[in-house]
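Trainee: Below you'll find the structure I mean.
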Amino acid sequence: MEGVKHIVAVASGKGGVGKSTVTANLALAMAAEGYRVGVLDADIYGPSQAQMLGVGEGVRPEAAGENRMKPLQAHGIQAMSMAFMVDIREPMVWRGPMVAGAFQQLLTQTAWDDLDVLFIDMPPGTGDIQLTLAQKVPVDGAVIVTTPQDIALLDARKGIEMFRKVNVPVLGVVENMSLHVCSNCGHSEPIFGEGGGERIAGEYDTRVLGRLPLALSIREQADGGRPTVVAEPEGEVTATFRDMARQVADQLADASSEGPEISFSD
């Protein structure tokens, strides 16, 4: 893609595991490491990156020539979302082909400005958006987000299998909500189970990029438009995100040095 060196899809196969929060913070962590970064919100039905990145309601992209638009700027990264195009209160009552077409427009008509990495925040499932991505865009890798519980792992496996079928390497697994620490007494408890990220990483010969706690502050910061990496730049959770960003960057660099760019098959 013009203006983009590497594309990384962030997927889960299942909703409600914190994938969008991970995407926003991982992108911001990559930017904090010195890279030029963008985020494309591919969830047409339920876009959330506008609120997470603190983009005000009603803010619209500027034109960049015929049939092109400039991405918006948020906390030092470039962003594009369906939420920038429509009233966020209006439901997108569209069938699959219309959704796939809208995603393709966001993807190809955004004038990304010299990005090192574009993170694509994928919607749940393995349907039209995923197929459009597979057919239209060379993707360098995927990050899978899951919680430790078995139900989440079922769908995470489907996500990994989908990327394997189209020859996209899985860069690693992020285990979200891995441990809850009580803010009153300090007691910690793995309320969603233990070891899920390690099990699925072992099954598919990949790595656990990092484990994130189930923490009220992470949710509050994302809802408030200042994700953890921005709100607490010296915090422990931010350190985890920055370590994950370095691992992703290292793998992208290794893949680039080993041969031709990896792309989806038709």
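By order in the structure tokens, chains are A, B, ...; within a chain, residues start at 1; ligands start at 1, following the order shown.
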Determine, for each residue of segment 7-54 of chain A having at least one atom at most 9 Å from an atom of segment 233-255 of chain A, the closest pair of atoms and their separation in Å to one decimal, counting only C-alpha atoms; order by chain and ascending number, as CSV.

Mentor:
```
residue,atom,partner,partner_atom,distance
A:Val8,CA,A:Val248,CA,9.0
A:Val22,CA,A:Phe241,CA,8.4
A:Asn25,CA,A:Phe241,CA,6.8
A:Leu26,CA,A:Phe241,CA,5.7
A:Ala27,CA,A:Ala245,CA,7.7
A:Leu28,CA,A:Arg242,CA,8.6
A:Ala29,CA,A:Arg242,CA,4.9
A:Met30,CA,A:Ala245,CA,5.1
A:Ala31,CA,A:Ala245,CA,8.9
A:Ala32,CA,A:Arg242,CA,7.7
A:Glu33,CA,A:Arg242,CA,7.2
```

Trainee: Within 8 Å of Val143 of chain A, counting only C-alpha atoms, which residues qualify if same-chain residues fewer than 2 places away don't, as a count of residues only?

Mentor: 11

Trainee: Using only C-alpha atoms, determine which residues lie at most 8 Å from Asn67 of chain A, disregarding the query and same-chain residues fewer than 3 positions distant; provide the list as a list in words.

Mentor: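 The residues that qualify are Ala63, Ala64 and Gln109 of chain A.
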
Trainee: Kindly save the residues from that selection, with C-alpha atoms included, as a PDB file, in the first residue's frame.

Mentor:
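Contents of selection_33.pdb, freshly written:
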```
ATOM      1  CA  ALA A  63      -9.800  15.766   1.354  1.00  0.00           C
ATOM      2  CA  ALA A  64      -6.421  14.828  -0.113  1.00  0.00           C
ATOM      3  CA  GLN A 109      -8.623   5.867  -0.149  1.00  0.00           C
TER       4      GLN A 109
END
```

Trainee: When you count only C-alpha atoms, which of these residues is closest to Glu194 of chain A: A:Asp150, A:Asp113, A:Glu90, A:Glu232?

Mentor: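 Among A:Asp150, A:Asp113, A:Glu90, A:Glu232, it is A:Asp150 that comes nearest to Glu194 of chain A.
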
Trainee: Can you pull out the residues contacting Phe192 of chain A? Cut-off 12 Å, using only C-alpha atoms, and skip same-chain residues under 3 positions away; I want them as a VMD selection string.

Mentor: chain A and resid 17 146 to 153 175 to 180 189 195 to 197 213 to 214

Trainee: Store the residues picked out above in a file with C-alpha atoms, as an mmCIF file, in the first residue's frame.

Mentor:
```
data_model
loop_
_atom_site.group_PDB
_atom_site.id
_atom_site.type_symbol
_atom_site.label_atom_id
_atom_site.label_comp_id
_atom_site.auth_asym_id
_atom_site.auth_seq_id
_atom_site.Cartn_x
_atom_site.Cartn_y
_atom_site.Cartn_z
ATOM 1 C CA VAL A 17 -11.735 -9.616 24.908
ATOM 2 C CA THR A 146 -7.485 -13.533 23.846
ATOM 3 C CA THR A 147 -8.401 -13.979 27.471
ATOM 4 C CA PRO A 148 -7.252 -17.119 29.295
ATOM 5 C CA GLN A 149 -10.718 -18.714 29.390
ATOM 6 C CA ASP A 150 -11.464 -21.712 27.189
ATOM 7 C CA ILE A 151 -14.419 -20.060 25.407
ATOM 8 C CA ALA A 152 -12.224 -17.194 24.207
ATOM 9 C CA LEU A 153 -9.521 -19.635 23.129
ATOM 10 C CA GLU A 175 -3.286 -12.619 26.875
ATOM 11 C CA ASN A 176 -5.620 -9.915 28.160
ATOM 12 C CA MET A 177 -7.365 -9.897 31.556
ATOM 13 C CA SER A 178 -4.912 -12.531 32.738
ATOM 14 C CA LEU A 179 -5.002 -11.522 36.410
ATOM 15 C CA HIS A 180 -7.195 -9.323 38.576
ATOM 16 C CA GLU A 189 -6.888 -13.900 41.277
ATOM 17 C CA GLY A 195 -2.231 -20.434 31.027
ATOM 18 C CA GLY A 196 -4.575 -19.965 28.066
ATOM 19 C CA GLY A 197 -2.192 -17.746 26.143
ATOM 20 C CA PRO A 213 -4.168 -7.387 33.931
ATOM 21 C CA LEU A 214 -7.894 -6.944 34.317
#
```

Trainee: To one decimal place, how far is atom CA of Gln51 of chain A from atom CA of Met92 of chain A in Å?

Mentor: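 Rounded to one decimal, the two atoms are 17.5 Å apart.
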
Trainee: From the DSSP assignment of the backbone, select every residue of segment 74-253 of chain A that is helix (DSSP H, G or I), and format the answer as a ChimeraX atom specification.

Mentor: /A:82-84,96-108,128-136,150-165,196-203,216-223,228-231,236-253

Trainee: To one decimal place, how far is atom CA of Thr23 of chain A from atom CA of Ala231 of chain A in Å?

Mentor: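 Computing it gives 15.6 Å between the two atoms.
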
Trainee: For the strand (DSSP E) assignment from backbone DSSP, which residues of segment 153-185 of chain A qualify? Please present them as a list in words.

Mentor: Val170, Leu171, Gly172, Val173, Val174, Glu175, His180 and Val181 of chain A

Trainee: Using only C-alpha atoms, please write the residues we just selected to a file, as a short mmCIF file (atom, residue, chain, number, x, y, z; two decimals), in the first residue's frame.

Mentor:
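Final file, result-v2.cif:
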```
data_model
loop_
_atom_site.label_atom_id
_atom_site.label_comp_id
_atom_site.auth_asym_id
_atom_site.auth_seq_id
_atom_site.Cartn_x
_atom_site.Cartn_y
_atom_site.Cartn_z
CA VAL A 170 1.04 -14.92 13.60
CA LEU A 171 3.51 -12.65 15.38
CA GLY A 172 2.21 -13.60 18.80
CA VAL A 173 -0.62 -13.84 21.29
CA VAL A 174 -1.64 -11.16 23.79
CA GLU A 175 -3.29 -12.62 26.88
CA HIS A 180 -7.20 -9.32 38.58
CA VAL A 181 -5.66 -7.52 41.55
#
```

Trainee: Per residue of segment 148-235 of chain A within 12 Å of segment 70-82 of chain A, what are the shortest atom pair and its distance in Å to one decimal, counting only C-alpha atoms, with rows by chain and residue number, as a tab-separated table?

Mentor:
```
residue	atom	partner	partner_atom	distance
A:Gly225	CA	A:Ala74	CA	9.5
A:Arg226	CA	A:His75	CA	8.4
A:Pro227	CA	A:His75	CA	9.5
A:Thr228	CA	A:His75	CA	11.7
A:Val229	CA	A:His75	CA	10.0
A:Val230	CA	A:His75	CA	7.6
A:Ala231	CA	A:His75	CA	10.6
```

Trainee: May I have the residues from that selection written out with N, CA, C and O atoms, as an mmCIF file, in the first residue's frame?

Mentor:
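This is the output file part-v4.cif:
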```
data_model
loop_
_atom_site.group_PDB
_atom_site.id
_atom_site.type_symbol
_atom_site.label_atom_id
_atom_site.label_comp_id
_atom_site.auth_asym_id
_atom_site.auth_seq_id
_atom_site.Cartn_x
_atom_site.Cartn_y
_atom_site.Cartn_z
ATOM 1 N N GLY A 225 -10.556 8.391 26.179
ATOM 2 C CA GLY A 225 -9.802 8.899 25.040
ATOM 3 C C GLY A 225 -8.322 9.104 25.280
ATOM 4 O O GLY A 225 -7.635 9.711 24.456
ATOM 5 N N ARG A 226 -7.823 8.601 26.403
ATOM 6 C CA ARG A 226 -6.396 8.667 26.709
ATOM 7 C C ARG A 226 -5.943 7.279 27.140
ATOM 8 O O ARG A 226 -5.881 6.982 28.343
ATOM 9 N N PRO A 227 -5.644 6.403 26.177
ATOM 10 C CA PRO A 227 -5.238 5.036 26.525
ATOM 11 C C PRO A 227 -4.042 5.016 27.467
ATOM 12 O O PRO A 227 -3.313 6.003 27.607
ATOM 13 N N THR A 228 -3.849 3.889 28.104
ATOM 14 C CA THR A 228 -2.869 3.755 29.175
ATOM 15 C C THR A 228 -1.488 4.237 28.787
ATOM 16 O O THR A 228 -0.785 4.880 29.583
ATOM 17 N N VAL A 229 -1.054 3.951 27.556
ATOM 18 C CA VAL A 229 0.291 4.352 27.133
ATOM 19 C C VAL A 229 0.438 5.867 27.155
ATOM 20 O O VAL A 229 1.526 6.399 27.413
ATOM 21 N N VAL A 230 -0.650 6.595 26.919
ATOM 22 C CA VAL A 230 -0.635 8.056 26.985
ATOM 23 C C VAL A 230 -0.850 8.539 28.414
ATOM 24 O O VAL A 230 -0.168 9.448 28.886
ATOM 25 N N ALA A 231 -1.813 7.916 29.111
ATOM 26 C CA ALA A 231 -2.189 8.375 30.445
ATOM 27 C C ALA A 231 -1.118 8.067 31.490
ATOM 28 O O ALA A 231 -0.913 8.851 32.425
#
```

Trainee: So, with only C-alpha atoms as the atoms that count, which of A:Leu53, A:Met98, A:Val93, A:Val117 lies closest to Asp41 of chain A?

Mentor: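 Ranking A:Leu53, A:Met98, A:Val93, A:Val117 by distance to Asp41 of chain A, first place goes to A:Leu53.
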
Trainee: Out of A:Asp140, A:Glu62, A:Asp121, A:Glu203, which residue has the shortest atom-to-atom distance to Ala24 of chain A when counting only C-alpha atoms?

Mentor: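 Under the stated criterion, the closest residue is A:Asp121.
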
Trainee: By how many Å are atom CA of Lys136 of chain A and atom CA of Gln104 of chain A apart?

Mentor: 8.0 Å
